[in-house]
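Data file: query01.cif. Format and content: mmCIF, C-alpha atoms and all ligand atoms.
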data_query
#
loop_
_atom_site.label_atom_id
_atom_site.label_comp_id
_atom_site.auth_asym_id
_atom_site.auth_seq_id
_atom_site.Cartn_x
_atom_site.Cartn_y
_atom_site.Cartn_z
CA MET A 19 17.66 -0.18 -4.93
CA GLY A 20 18.89 -3.74 -4.64
CA LEU A 21 15.81 -5.91 -4.46
CA ASN A 22 17.41 -9.32 -4.20
CA LYS A 23 16.80 -9.77 -0.49
CA LYS A 24 17.29 -12.79 1.74
CA SER A 25 14.00 -14.22 2.94
CA VAL A 26 12.81 -16.69 5.55
CA ASP A 27 13.53 -19.41 2.95
CA ASP A 28 17.23 -18.61 3.06
CA ILE A 29 17.89 -19.05 6.78
CA ASP A 30 17.93 -21.78 9.42
CA VAL A 31 16.02 -20.73 12.51
CA LYS A 32 16.00 -24.03 14.42
CA GLY A 33 16.34 -23.25 18.11
CA LYS A 34 16.86 -19.55 17.39
CA LYS A 35 14.96 -16.58 18.73
CA VAL A 36 13.36 -14.86 15.76
CA LEU A 37 11.94 -11.36 16.07
CA VAL A 38 9.29 -10.78 13.40
CA ARG A 39 8.00 -7.30 12.56
CA CYS A 40 4.40 -7.91 11.47
CA ASP A 41 1.68 -5.55 10.35
CA PHE A 42 -1.02 -6.17 12.95
CA ASN A 43 -2.43 -2.68 12.56
CA VAL A 44 -6.00 -4.02 12.45
CA PRO A 45 -9.22 -2.01 12.80
CA LEU A 46 -10.66 -2.28 16.31
CA LYS A 47 -14.04 -1.27 17.67
CA ASP A 48 -14.54 -1.39 21.43
CA GLY A 49 -11.61 -3.77 21.76
CA VAL A 50 -12.95 -6.15 19.09
CA ILE A 51 -11.09 -6.74 15.82
CA THR A 52 -13.49 -5.84 12.99
CA ASP A 53 -11.28 -7.15 10.16
CA ASP A 54 -8.57 -9.74 10.77
CA ASN A 55 -7.19 -9.81 7.20
CA ARG A 56 -3.82 -8.53 8.28
CA ILE A 57 -3.45 -11.24 10.90
CA VAL A 58 -4.49 -13.92 8.42
CA ALA A 59 -2.04 -12.50 5.87
CA ALA A 60 0.82 -12.83 8.38
CA LEU A 61 0.20 -16.54 9.01
CA PRO A 62 2.38 -18.07 6.24
CA THR A 63 5.56 -16.44 7.56
CA ILE A 64 4.71 -17.20 11.19
CA LYS A 65 3.81 -20.83 10.45
CA LYS A 66 6.97 -21.33 8.44
CA LEU A 67 9.08 -20.13 11.38
CA ILE A 68 7.14 -22.29 13.85
CA ASN A 69 7.51 -25.36 11.62
CA ASP A 70 11.23 -24.72 11.26
CA GLY A 71 11.59 -24.79 15.06
CA GLY A 72 12.18 -21.10 15.67
CA LYS A 73 11.17 -19.27 18.83
CA VAL A 74 8.85 -16.77 17.25
CA ILE A 75 8.69 -13.32 18.85
CA LEU A 76 6.22 -11.06 17.09
CA CYS A 77 5.96 -7.28 17.21
CA SER A 78 3.83 -4.65 15.50
CA HIS A 79 2.43 -1.19 15.93
CA LEU A 80 -1.30 -0.57 16.27
CA GLY A 81 -2.77 2.86 15.63
CA LYS A 82 -1.08 5.96 16.92
CA PRO A 83 -0.58 5.85 20.69
CA LYS A 84 2.16 8.49 20.22
CA GLY A 85 4.67 7.06 22.63
CA GLU A 86 2.24 6.33 25.43
CA ALA A 87 0.64 3.17 26.77
CA VAL A 88 -2.90 3.73 25.48
CA PRO A 89 -4.92 0.72 26.73
CA SER A 90 -7.39 0.82 23.82
CA LEU A 91 -4.45 0.28 21.46
CA SER A 92 -3.08 -2.77 23.24
CA LEU A 93 -2.23 -5.73 21.00
CA ALA A 94 -3.91 -8.13 23.48
CA PRO A 95 -6.91 -8.78 21.14
CA VAL A 96 -4.47 -9.62 18.34
CA ALA A 97 -2.73 -12.21 20.54
CA ALA A 98 -6.09 -13.86 21.22
CA ARG A 99 -7.14 -13.91 17.57
CA LEU A 100 -3.73 -15.09 16.41
CA SER A 101 -3.82 -17.90 18.91
CA GLU A 102 -7.19 -19.07 17.48
CA LEU A 103 -5.89 -18.88 13.93
CA LEU A 104 -2.67 -20.74 14.71
CA GLY A 105 -4.34 -23.28 16.96
CA GLN A 106 -1.65 -22.84 19.59
CA PRO A 107 -1.06 -20.48 22.51
CA VAL A 108 0.34 -17.03 21.83
CA VAL A 109 1.87 -15.56 24.96
CA PHE A 110 1.14 -11.85 25.16
CA ALA A 111 3.90 -9.87 26.88
CA ALA A 112 1.99 -6.90 28.27
CA ASP A 113 4.79 -4.48 29.05
CA ASP A 114 4.06 -0.77 28.72
CA GLU A 115 7.71 -0.33 27.80
CA VAL A 116 7.30 -3.16 25.21
CA VAL A 117 10.59 -4.84 26.12
CA GLY A 118 10.13 -5.14 29.87
CA PRO A 119 10.12 -7.88 32.51
CA ASN A 120 7.13 -9.71 30.99
CA ALA A 121 8.67 -9.83 27.54
CA LYS A 122 12.06 -10.90 28.85
CA ALA A 123 10.57 -13.66 31.01
CA ALA A 124 8.27 -14.85 28.22
CA VAL A 125 11.18 -15.10 25.79
CA GLU A 126 13.34 -16.81 28.41
CA ASN A 127 10.67 -19.52 28.79
CA MET A 128 10.18 -20.17 25.08
CA LYS A 129 10.60 -23.58 23.55
CA ASP A 130 11.17 -24.18 19.86
CA GLY A 131 7.97 -23.42 17.94
CA ASP A 132 6.49 -21.20 20.69
CA VAL A 133 5.02 -17.79 19.90
CA VAL A 134 5.22 -14.59 21.95
CA LEU A 135 3.63 -11.28 20.94
CA LEU A 136 5.12 -8.05 22.30
CA GLN A 137 3.05 -4.97 23.17
CA ASN A 138 2.35 -2.18 20.62
CA THR A 139 5.77 -0.87 19.52
CA ARG A 140 4.41 2.68 19.38
CA TYR A 141 3.89 2.67 23.13
CA ARG A 142 7.56 3.69 23.03
CA ALA A 143 8.17 7.26 21.90
CA GLU A 144 11.49 6.27 20.29
CA GLU A 145 9.78 3.89 17.84
CA THR A 146 8.84 6.41 15.17
CA LYS A 147 12.06 8.38 15.73
CA ASN A 148 14.23 5.32 15.21
CA GLY A 149 15.84 5.90 18.62
CA GLU A 150 18.79 3.71 19.51
CA GLN A 151 17.75 2.44 22.93
CA PHE A 152 14.49 0.88 21.83
CA SER A 153 16.20 -0.65 18.78
CA LYS A 154 18.76 -2.21 21.12
CA ASP A 155 16.04 -3.40 23.51
CA LEU A 156 14.20 -5.16 20.70
CA ALA A 157 17.40 -6.64 19.30
CA SER A 158 18.40 -7.95 22.74
CA LEU A 159 15.52 -10.43 22.55
CA ALA A 160 16.50 -12.16 19.34
CA ASP A 161 19.16 -13.82 17.17
CA VAL A 162 17.42 -13.27 13.85
CA PHE A 163 15.14 -10.53 12.51
CA VAL A 164 12.37 -10.92 9.95
CA ASN A 165 10.54 -7.93 8.49
CA ASP A 166 7.11 -8.77 7.13
CA ALA A 167 5.46 -5.34 7.50
CA PHE A 168 5.32 -3.68 4.10
CA GLY A 169 2.93 -0.95 5.28
CA THR A 170 5.71 0.74 7.27
CA ALA A 171 8.57 -0.09 4.89
CA HIS A 172 8.77 3.54 3.72
CA ARG A 173 9.53 4.68 7.27
CA ALA A 174 12.71 4.11 9.29
CA HIS A 175 11.47 3.10 12.72
CA CYS A 176 13.12 1.07 15.49
CA SER A 177 11.11 -2.07 14.86
CA ASN A 178 11.79 -2.31 11.14
CA VAL A 179 15.09 -0.49 10.55
CA GLY A 180 16.87 0.49 13.79
CA VAL A 181 16.77 -3.04 15.14
CA THR A 182 18.70 -4.34 12.11
CA ASP A 183 21.79 -2.43 13.28
CA PHE A 184 22.01 -4.76 16.27
CA ILE A 185 21.08 -8.14 14.77
CA ASP A 186 23.35 -9.92 12.30
CA THR A 187 20.80 -11.82 10.27
CA CYS A 188 17.93 -9.71 8.91
CA VAL A 189 15.62 -11.06 6.23
CA VAL A 190 12.17 -10.43 4.76
CA GLY A 191 9.02 -12.51 5.28
CA TYR A 192 6.68 -13.80 2.60
CA LEU A 193 4.43 -10.73 2.54
CA MET A 194 7.35 -8.38 2.03
CA GLN A 195 8.82 -10.74 -0.54
CA LYS A 196 5.60 -10.67 -2.56
CA GLU A 197 5.49 -6.87 -2.51
CA ILE A 198 9.11 -6.69 -3.65
CA ASP A 199 8.58 -9.34 -6.34
CA PHE A 200 5.56 -7.62 -7.86
CA LEU A 201 6.04 -3.89 -7.31
CA GLY A 202 9.80 -4.09 -7.61
CA LYS A 203 9.75 -6.11 -10.80
CA ALA A 204 7.06 -3.93 -12.37
CA VAL A 205 9.12 -0.81 -11.82
CA GLU A 206 12.61 -2.19 -12.41
CA ASP A 207 12.12 -4.84 -15.08
CA PRO A 208 8.52 -5.03 -16.34
CA VAL A 209 7.32 -7.42 -19.03
CA ARG A 210 6.20 -5.03 -21.78
CA PRO A 211 3.99 -3.39 -22.78
CA PHE A 212 3.81 -1.88 -19.30
CA VAL A 213 0.74 0.26 -18.66
CA ALA A 214 0.54 2.40 -15.53
CA ILE A 215 -2.80 3.84 -14.46
CA LEU A 216 -2.94 6.70 -11.98
CA GLY A 217 -5.99 8.32 -10.47
CA GLY A 218 -7.13 9.75 -7.18
CA ALA A 219 -7.71 13.25 -6.02
CA LYS A 220 -4.56 15.30 -6.29
CA VAL A 221 -1.73 15.68 -8.79
CA ALA A 222 0.44 17.09 -6.00
CA ASP A 223 0.38 13.75 -4.12
CA LYS A 224 1.75 11.89 -7.10
CA LEU A 225 4.27 14.21 -8.75
CA ASN A 226 7.19 11.82 -8.36
CA VAL A 227 5.09 8.79 -9.22
CA ILE A 228 4.00 10.37 -12.49
CA ASN A 229 7.55 11.37 -13.34
CA ASN A 230 9.09 8.00 -12.50
CA LEU A 231 6.40 5.87 -14.12
CA LEU A 232 6.53 7.95 -17.28
CA GLU A 233 10.15 6.91 -17.62
CA LYS A 234 9.48 3.26 -16.84
CA CYS A 235 6.18 2.51 -18.56
CA ASP A 236 5.08 2.36 -22.21
CA THR A 237 1.68 3.93 -21.59
CA LEU A 238 0.67 6.18 -18.71
CA ILE A 239 -3.04 6.59 -18.10
CA ILE A 240 -4.29 9.45 -15.94
CA GLY A 241 -7.84 9.54 -14.60
CA GLY A 242 -9.59 10.66 -11.43
CA GLY A 243 -9.53 14.14 -9.98
CA MET A 244 -5.92 14.65 -11.00
CA ALA A 245 -6.77 14.41 -14.70
CA TYR A 246 -8.45 17.82 -14.74
CA THR A 247 -5.25 19.71 -14.02
CA PHE A 248 -3.78 17.94 -17.07
CA LEU A 249 -6.85 18.86 -19.13
CA LYS A 250 -6.51 22.47 -18.04
CA ALA A 251 -2.85 22.35 -19.02
CA LYS A 252 -4.04 21.31 -22.48
CA GLY A 253 -6.03 24.54 -22.55
CA TYR A 254 -9.44 22.96 -21.91
CA GLU A 255 -12.23 24.60 -19.91
CA ILE A 256 -12.74 22.33 -16.91
CA GLY A 257 -15.56 24.20 -15.12
CA LYS A 258 -15.69 23.53 -11.39
CA SER A 259 -13.63 20.31 -11.59
CA LEU A 260 -10.91 19.64 -9.04
CA VAL A 261 -7.79 21.50 -10.12
CA ASP A 262 -4.40 22.45 -8.74
CA ASP A 263 -3.45 25.65 -10.52
CA SER A 264 0.05 25.53 -9.09
CA LYS A 265 0.66 22.25 -10.96
CA ILE A 266 -0.48 23.23 -14.45
CA ASP A 267 3.08 23.88 -15.59
CA TYR A 268 4.11 20.55 -14.13
CA CYS A 269 1.37 18.74 -16.07
CA ALA A 270 2.41 20.51 -19.27
CA GLU A 271 5.99 19.46 -18.60
CA MET A 272 4.93 15.83 -18.14
CA MET A 273 2.96 15.87 -21.38
CA LYS A 274 6.02 17.25 -23.15
CA LYS A 275 8.21 14.63 -21.47
CA ALA A 276 5.89 11.84 -22.66
CA GLU A 277 6.15 13.17 -26.20
CA ASP A 278 9.93 13.48 -26.04
CA LEU A 279 10.27 9.95 -24.68
CA GLY A 280 7.82 8.56 -27.23
CA LYS A 281 5.51 7.36 -24.47
CA GLN A 282 1.76 7.27 -24.74
CA LEU A 283 0.02 9.49 -22.16
CA LEU A 284 -3.72 8.89 -22.10
CA LEU A 285 -6.12 11.40 -20.54
CA PRO A 286 -9.92 11.28 -20.32
CA ILE A 287 -11.65 12.12 -23.62
CA ASP A 288 -15.07 12.35 -22.01
CA THR A 289 -16.24 12.84 -18.46
CA VAL A 290 -19.25 12.42 -16.19
CA VAL A 291 -20.16 15.81 -14.76
CA THR A 292 -22.41 16.98 -11.95
CA SER A 293 -23.47 20.42 -10.71
CA GLU A 294 -22.38 19.80 -7.12
CA PHE A 295 -20.24 17.46 -5.08
CA PRO A 296 -22.68 14.89 -3.60
CA ASP A 297 -23.41 15.40 0.09
CA PRO A 298 -23.23 12.93 1.72
CA ILE A 299 -20.71 11.51 -0.70
CA ASP A 300 -22.95 8.56 -1.66
CA ALA A 301 -26.14 10.61 -2.13
CA PRO A 302 -28.06 10.17 -5.41
CA ILE A 303 -26.94 12.76 -7.94
CA GLU A 304 -27.83 13.88 -11.48
CA THR A 305 -25.10 13.34 -14.01
CA GLU A 306 -24.38 14.12 -17.63
CA VAL A 307 -21.64 12.93 -19.97
CA VAL A 308 -19.67 15.52 -21.93
CA ASP A 309 -16.50 15.47 -24.02
CA ALA A 310 -13.42 16.38 -22.03
CA ASP A 311 -12.97 19.62 -23.97
CA LYS A 312 -16.59 20.66 -23.46
CA ILE A 313 -17.04 20.73 -19.68
CA PRO A 314 -19.61 23.46 -18.95
CA ALA A 315 -18.35 26.27 -16.71
CA ASP A 316 -20.83 25.41 -13.94
CA LYS A 317 -20.13 21.65 -13.85
CA MET A 318 -17.50 19.44 -12.30
CA GLY A 319 -15.94 16.26 -13.68
CA MET A 320 -16.55 13.37 -11.28
CA ASP A 321 -15.78 10.21 -13.26
CA ILE A 322 -14.41 9.13 -16.62
CA GLY A 323 -17.02 8.78 -19.38
CA PRO A 324 -17.85 5.73 -21.56
CA LYS A 325 -15.49 6.64 -24.42
CA THR A 326 -12.66 7.00 -21.92
CA ILE A 327 -13.55 3.66 -20.35
CA GLU A 328 -13.16 2.09 -23.78
CA LEU A 329 -9.88 3.90 -24.43
CA PHE A 330 -8.38 2.92 -21.09
CA SER A 331 -9.69 -0.66 -21.27
CA ASP A 332 -8.20 -1.12 -24.75
CA ALA A 333 -4.81 0.02 -23.48
CA VAL A 334 -5.03 -2.51 -20.65
CA LYS A 335 -6.00 -5.29 -23.08
CA ASN A 336 -2.71 -4.97 -24.93
CA ALA A 337 -0.56 -4.80 -21.80
CA LYS A 338 1.63 -7.49 -20.26
CA THR A 339 2.11 -5.60 -16.99
CA VAL A 340 -0.39 -3.19 -15.44
CA VAL A 341 0.07 -1.13 -12.31
CA TRP A 342 -2.91 0.81 -11.00
CA ASN A 343 -3.07 3.36 -8.19
CA GLY A 344 -5.98 5.68 -7.51
CA PRO A 345 -9.69 5.64 -8.44
CA MET A 346 -10.96 7.06 -11.74
CA GLY A 347 -13.70 9.08 -10.08
CA VAL A 348 -15.59 9.67 -6.86
CA PHE A 349 -16.04 5.92 -6.49
CA GLU A 350 -17.56 6.20 -3.02
CA ASN A 351 -20.75 7.15 -4.87
CA PRO A 352 -22.21 4.20 -6.85
CA ILE A 353 -23.33 6.56 -9.65
CA LEU A 354 -19.77 7.88 -9.98
CA SER A 355 -17.97 4.56 -9.57
CA LYS A 356 -18.48 3.20 -13.10
CA GLY A 357 -15.08 4.30 -14.37
CA THR A 358 -13.25 2.81 -11.41
CA ARG A 359 -15.25 -0.40 -11.73
CA ALA A 360 -14.55 -0.61 -15.47
CA VAL A 361 -10.81 -0.22 -14.92
CA ALA A 362 -10.92 -2.91 -12.22
CA GLN A 363 -12.85 -5.11 -14.67
CA ALA A 364 -10.29 -4.48 -17.43
CA LEU A 365 -7.53 -5.56 -15.07
CA ALA A 366 -9.52 -8.60 -14.00
CA ASP A 367 -10.07 -9.63 -17.64
CA THR A 368 -6.49 -9.43 -18.86
CA ASP A 369 -3.83 -12.13 -18.69
CA ALA A 370 -1.26 -9.47 -17.89
CA THR A 371 0.41 -9.25 -14.50
CA THR A 372 -1.90 -6.87 -12.64
CA ILE A 373 -0.75 -4.96 -9.60
CA ILE A 374 -2.82 -2.61 -7.52
CA GLY A 375 -1.07 -0.10 -5.31
CA GLY A 376 -2.62 0.13 -1.84
CA GLY A 377 -5.11 2.67 -0.64
CA ASP A 378 -8.34 3.55 -2.41
CA SER A 379 -7.86 1.49 -5.58
CA ALA A 380 -7.12 -1.58 -3.47
CA ALA A 381 -10.21 -0.85 -1.38
CA ALA A 382 -12.28 -0.36 -4.54
CA ALA A 383 -11.06 -3.61 -6.12
CA ASN A 384 -11.77 -5.52 -2.91
CA GLN A 385 -15.16 -3.91 -2.44
CA MET A 386 -16.12 -4.65 -6.05
CA GLY A 387 -15.18 -8.31 -5.63
CA PHE A 388 -12.15 -8.35 -7.95
CA HIS A 389 -9.79 -9.38 -5.19
CA ASP A 390 -9.01 -12.85 -6.56
CA LYS A 391 -8.59 -11.62 -10.11
CA MET A 392 -5.48 -9.49 -9.54
CA SER A 393 -1.92 -10.79 -9.51
CA HIS A 394 -1.10 -8.62 -6.51
CA ILE A 395 -2.89 -6.09 -4.35
CA SER A 396 -0.39 -4.19 -2.27
CA THR A 397 -1.03 -3.89 1.45
CA GLY A 398 0.80 -0.59 1.81
CA GLY A 399 -0.61 2.65 0.44
CA GLY A 400 2.24 5.02 1.23
CA ALA A 401 4.89 2.34 0.84
CA SER A 402 3.66 1.22 -2.58
CA LEU A 403 3.55 4.82 -3.81
CA GLU A 404 7.16 5.34 -2.73
CA PHE A 405 8.09 2.11 -4.50
CA LEU A 406 6.44 3.46 -7.66
CA GLU A 407 8.37 6.70 -7.20
CA GLY A 408 11.50 4.58 -7.51
CA LYS A 409 12.59 5.48 -3.99
CA GLU A 410 14.61 3.21 -1.78
CA LEU A 411 12.37 1.98 1.06
CA PRO A 412 14.35 1.90 4.31
CA GLY A 413 12.46 -1.17 5.53
CA VAL A 414 13.44 -3.10 2.42
CA ALA A 415 16.97 -1.73 2.19
CA ALA A 416 17.70 -2.85 5.78
CA ALA A 417 17.26 -6.54 4.95
CA ASP A 418 20.34 -8.58 4.01
CA ASP A 419 21.09 -8.93 0.30
CA LYS A 420 21.26 -12.42 -1.15
P1 LIG A 501 -6.34 9.53 -3.38
O1 LIG A 501 -6.45 9.60 -1.90
O2 LIG A 501 -5.43 10.52 -3.99
O3 LIG A 501 -6.11 8.12 -3.89
O4 LIG A 501 -7.75 9.96 -3.93
C1 LIG A 501 -8.90 9.23 -3.67
C2 LIG A 501 -10.05 10.17 -3.66
O5 LIG A 501 -10.11 10.87 -4.88
C3 LIG A 501 -11.38 9.46 -3.51
O6 LIG A 501 -11.91 9.80 -2.27
C4 LIG A 501 -12.20 10.00 -4.65
O7 LIG A 501 -13.51 10.35 -4.27
C5 LIG A 501 -11.45 11.23 -5.09
N1 LIG A 501 -11.70 11.57 -6.49
C6 LIG A 501 -11.53 10.80 -7.55
N2 LIG A 501 -11.93 11.42 -8.67
C7 LIG A 501 -12.35 12.63 -8.30
C8 LIG A 501 -12.89 13.75 -9.01
N3 LIG A 501 -13.05 13.71 -10.32
N4 LIG A 501 -13.21 14.84 -8.30
C9 LIG A 501 -13.03 14.88 -6.98
N5 LIG A 501 -12.52 13.86 -6.25
C10 LIG A 501 -12.20 12.75 -6.90
#
Target encoding structure tokens, full file:
Amino acid sequence: MGLNKKSVDDIDVKGKKVLVRCDFNVPLKDGVITDDNRIVAALPTIKKLINDGGKVILCSHLGKPKGEAVPSLSLAPVAARLSELLGQPVVFAADDEVVGPNAKAAVENMKDGDVVLLQNTRYRAEETKNGEQFSKDLASLADVFVNDAFGTAHRAHCSNVGVTDFIDTCVVGYLMQKEIDFLGKAVEDPVRPFVAILGGAKVADKLNVINNLLEKCDTLIIGGGMAYTFLKAKGYEIGKSLVDDSKIDYCAEMMKKAEDLGKQLLLPIDTVVTSEFPDPIDAPIETEVVDADKIPADKMGMDIGPKTIELFSDAVKNAKTVVWNGPMGVFENPILSKGTRAVAQALADTDATTIIGGGDSAAAANQMGFHDKMSHISTGGGASLEFLEGKELPGVAAADDK
């Protein structure tokens, strides 16, 4: 996929109406935003467009209203918070059809540097189906389109892809640019050695990621629940550990592929086992450490052991690029989070470019306080996985090439 995309730095927006697809999909409780990180993250692009004299028309989805005007999923609270953060009014265009009389009038009245926020794009049923009419409606408001929502880049919706068919100039914002720069470069042209670390629950969720990264990286590390299917494929007894029997052949194939390609594939050599899955997930639980080939029949592997931590950390130490997606164990439980924490620590300690795919590993790194120590933490779980699969993301592809 061509990743050399035009950005907000490559265009002149003075006096122009600029439609910006943001990711304002913030958590809400009783109409109050409980975490405004996504709004804060969108500010650099928005401020740049304001300062350049654009008329800034923002849009986003919020939750899953499934094509209906669900009042609890209105973007009104986002408009209020954004206005505070920007220190200037943000006009909220509260149309149930998103592009309706309020939106049209608000845009009509805009002066250079003004900001309007449209209603939740998923109030329109066409949004997630990439229907033509809504794409045209959105495009009718603007001269220029900016996509700064990486979280939906792996989907072709009206507000990130369809709309680009009806607007001539379509570029990416700073958030998208950063995702492309880090994830794209890691996969397409990494500084070597390139170490990829995969974890999380299921092999089946990451089949294409494993396959693609094996080709691109120098060392592939597999931990978390998915490691046990690999261990079983090696002929080990894995007791009651998480396993996907339908993927044992696949794992064997990947191990063979690593050997054929001369790539290092690291699996756990020891593991923290328990008798049961903790219930609730963070309940205190008795653990024991055993070698990976000696898991008792009545136990389940729940985290990587200390020898594995050392093995994985050493591999990270020698890397120049590290990509990590998926926890090493049941990190929601403090007793079973040591492996995940140690991997986060290893990434924090290295001078390598460190990139964390979204989702649980991003949450774990944030929660453990390593946020500032990483080169890049992706904001999109699904989108970053598809990037790592080497797939073309429609939301990225739709932006103009440089
Ligand atoms: P994923 O959604 O694929 O990134 O997987 C994240 C989930 O995998 C977390 O909720 C972890 O608790 C779970 N997980 C990680 N390691 C294990 C394991 N050894 N056994 C069961 N679940 C695990």
List all protein, DNA and RNA residues that have any atom at most 9 Å from ligand LIG 501 (chain A), counting all atoms listed in the file, and write the list as a ChimeraX atom specification.
/A:216-221,223-224,241-246,259-261,289-291,295,299,318-322,343-351,354,376-379,399
Please provide as number ranges by chain all residues within 6 Å of stretch 150-157 of chain A, with the sequence filter that same-chain residues fewer than 5 positions apart are discarded (counting all atoms listed in the file).
A: 176, 180-181, 184
A:Ala362 environment, 9 Å, only C-alpha atoms, sequence neighbours closer than 4 positions dropped, as a VMD selection string
chain A and resid 342 357 to 358 366 to 367 379 382 to 383 386 388 392
Selection from above, C-alpha atoms, as a PDB file, in the frame of the given file, can you write it?
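Printed below is part-v1.pdb as written:
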ATOM      1  CA  TRP A 342      -2.910   0.810 -11.000  1.00  0.00           C
ATOM      2  CA  GLY A 357     -15.080   4.300 -14.370  1.00  0.00           C
ATOM      3  CA  THR A 358     -13.250   2.810 -11.410  1.00  0.00           C
ATOM      4  CA  ALA A 366      -9.520  -8.600 -14.000  1.00  0.00           C
ATOM      5  CA  ASP A 367     -10.070  -9.630 -17.640  1.00  0.00           C
ATOM      6  CA  SER A 379      -7.860   1.490  -5.580  1.00  0.00           C
ATOM      7  CA  ALA A 382     -12.280  -0.360  -4.540  1.00  0.00           C
ATOM      8  CA  ALA A 383     -11.060  -3.610  -6.120  1.00  0.00           C
ATOM      9  CA  MET A 386     -16.120  -4.650  -6.050  1.00  0.00           C
ATOM     10  CA  PHE A 388     -12.150  -8.350  -7.950  1.00  0.00           C
ATOM     11  CA  MET A 392      -5.480  -9.490  -9.540  1.00  0.00           C
TER      12      MET A 392
END
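Every protein or nucleic acid residue with an atom no more than 10 Å from A:Ser331, counting all atoms listed in the file and leaving out same-chain residues fewer than 4 positions away, appears here: A:Lys325, A:Thr326, A:Ile327, A:Lys335, A:Asn336, A:Ala360, A:Val361, A:Ala362, A:Gln363, A:Ala364, A:Leu365, A:Asp367, A:Thr368.
If you measure from each of A:Ala143, A:Leu159, A:Asp263, A:Pro352 to A:Ala123 using all atoms listed in the file, the closest one turns out to be A:Leu159.
What separates atom CA of A:Arg140 from atom CA of A:Gly85 is a distance of 5.5 Å.
Between A:His79 and the candidates A:Met273, A:Leu67, A:Ala315, A:Leu93, the tightest atom-to-atom separation, counting all atoms listed in the file, involves A:Leu93.
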So for stretch 255-261 of chain A, what box centre and size do we get, axis-aligned, 8 Å extra on each of the six sides, every listed atom, Å to one decimal, as AutoDock Vina command-line options?
--center_x -11.7 --center_y 22.1 --center_z -14.5 --size_x 23.9 --size_y 21.0 --size_z 26.9
Around the point (3.0, -13.5, 6.9), in the coordinates given by the file, pick out the residues reaching within 9 Å, counting only C-alpha atoms, and return them as a JSON list (two decimals) with C-alpha atoms, keeping the file's coordinate frame.
[["chain", "number", "residue", "atom", "x", "y", "z"],
["A", 40, "CYS", "CA", 4.40, -7.91, 11.47],
["A", 41, "ASP", "CA", 1.68, -5.55, 10.35],
["A", 56, "ARG", "CA", -3.82, -8.53, 8.28],
["A", 57, "ILE", "CA", -3.45, -11.24, 10.90],
["A", 58, "VAL", "CA", -4.49, -13.92, 8.42],
["A", 59, "ALA", "CA", -2.04, -12.50, 5.87],
["A", 60, "ALA", "CA", 0.82, -12.83, 8.38],
["A", 61, "LEU", "CA", 0.20, -16.54, 9.01],
["A", 62, "PRO", "CA", 2.38, -18.07, 6.24],
["A", 63, "THR", "CA", 5.56, -16.44, 7.56],
["A", 64, "ILE", "CA", 4.71, -17.20, 11.19],
["A", 65, "LYS", "CA", 3.81, -20.83, 10.45],
["A", 66, "LYS", "CA", 6.97, -21.33, 8.44],
["A", 166, "ASP", "CA", 7.11, -8.77, 7.13],
["A", 167, "ALA", "CA", 5.46, -5.34, 7.50],
["A", 191, "GLY", "CA", 9.02, -12.51, 5.28],
["A", 192, "TYR", "CA", 6.68, -13.80, 2.60],
["A", 193, "LEU", "CA", 4.43, -10.73, 2.54],
["A", 194, "MET", "CA", 7.35, -8.38, 2.03]]
Near stretch 32-35 of chain A, within 6 Å and counting all atoms listed in the file, which residues show up once chain neighbours fewer than 6 positions away are dropped, as JSON, numbers by chain?
{"A": [70, 71, 72, 73, 130, 160, 161]}
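Ranking A:Ile75, A:Val162, A:Leu91, A:His175 by their shortest atom-to-atom distance to A:Asn127, with only C-alpha atoms included, puts A:Ile75 first.
Across A:Glu407, A:Leu201, A:Leu284, A:Ala174, the tightest approach to A:Asp332 is made by A:Leu284 when counting only C-alpha atoms.
Proximity to A:Ile373 was assessed for A:Gly253, A:Gly413, A:Gly280, A:Gly202 counting only C-alpha atoms; the smallest distance is recorded for A:Gly202.
When atom CA of A:Ile266 is paired with atom CA of A:Tyr254, their separation reads 11.7 Å.
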Report, in Å to a single decimal, how far apart atom CA of A:Asp183 and atom CA of A:Val164 are.
13.1 Å
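Take the candidates A:Lys356, A:Arg99, A:Lys82, A:Lys258 and check each one against A:Asn55 using all atoms listed in the file; the shortest distance goes to A:Arg99.
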With a distance cut-off of 9 Å and all atoms listed in the file, select the neighbouring residues of A:Glu197, excluding the residue or stretch itself and same-chain residues fewer than 5 positions from it, and output the selection as a short mmCIF file (atom, residue, chain, number, x, y, z; two decimals) with C-alpha atoms, in the coordinates of the input.
data_model
loop_
_atom_site.label_atom_id
_atom_site.label_comp_id
_atom_site.auth_asym_id
_atom_site.auth_seq_id
_atom_site.Cartn_x
_atom_site.Cartn_y
_atom_site.Cartn_z
CA PHE A 168 5.32 -3.68 4.10
CA TYR A 192 6.68 -13.80 2.60
CA GLY A 202 9.80 -4.09 -7.61
CA HIS A 394 -1.10 -8.62 -6.51
CA ILE A 395 -2.89 -6.09 -4.35
CA SER A 396 -0.39 -4.19 -2.27
CA THR A 397 -1.03 -3.89 1.45
CA GLY A 398 0.80 -0.59 1.81
CA SER A 402 3.66 1.22 -2.58
#
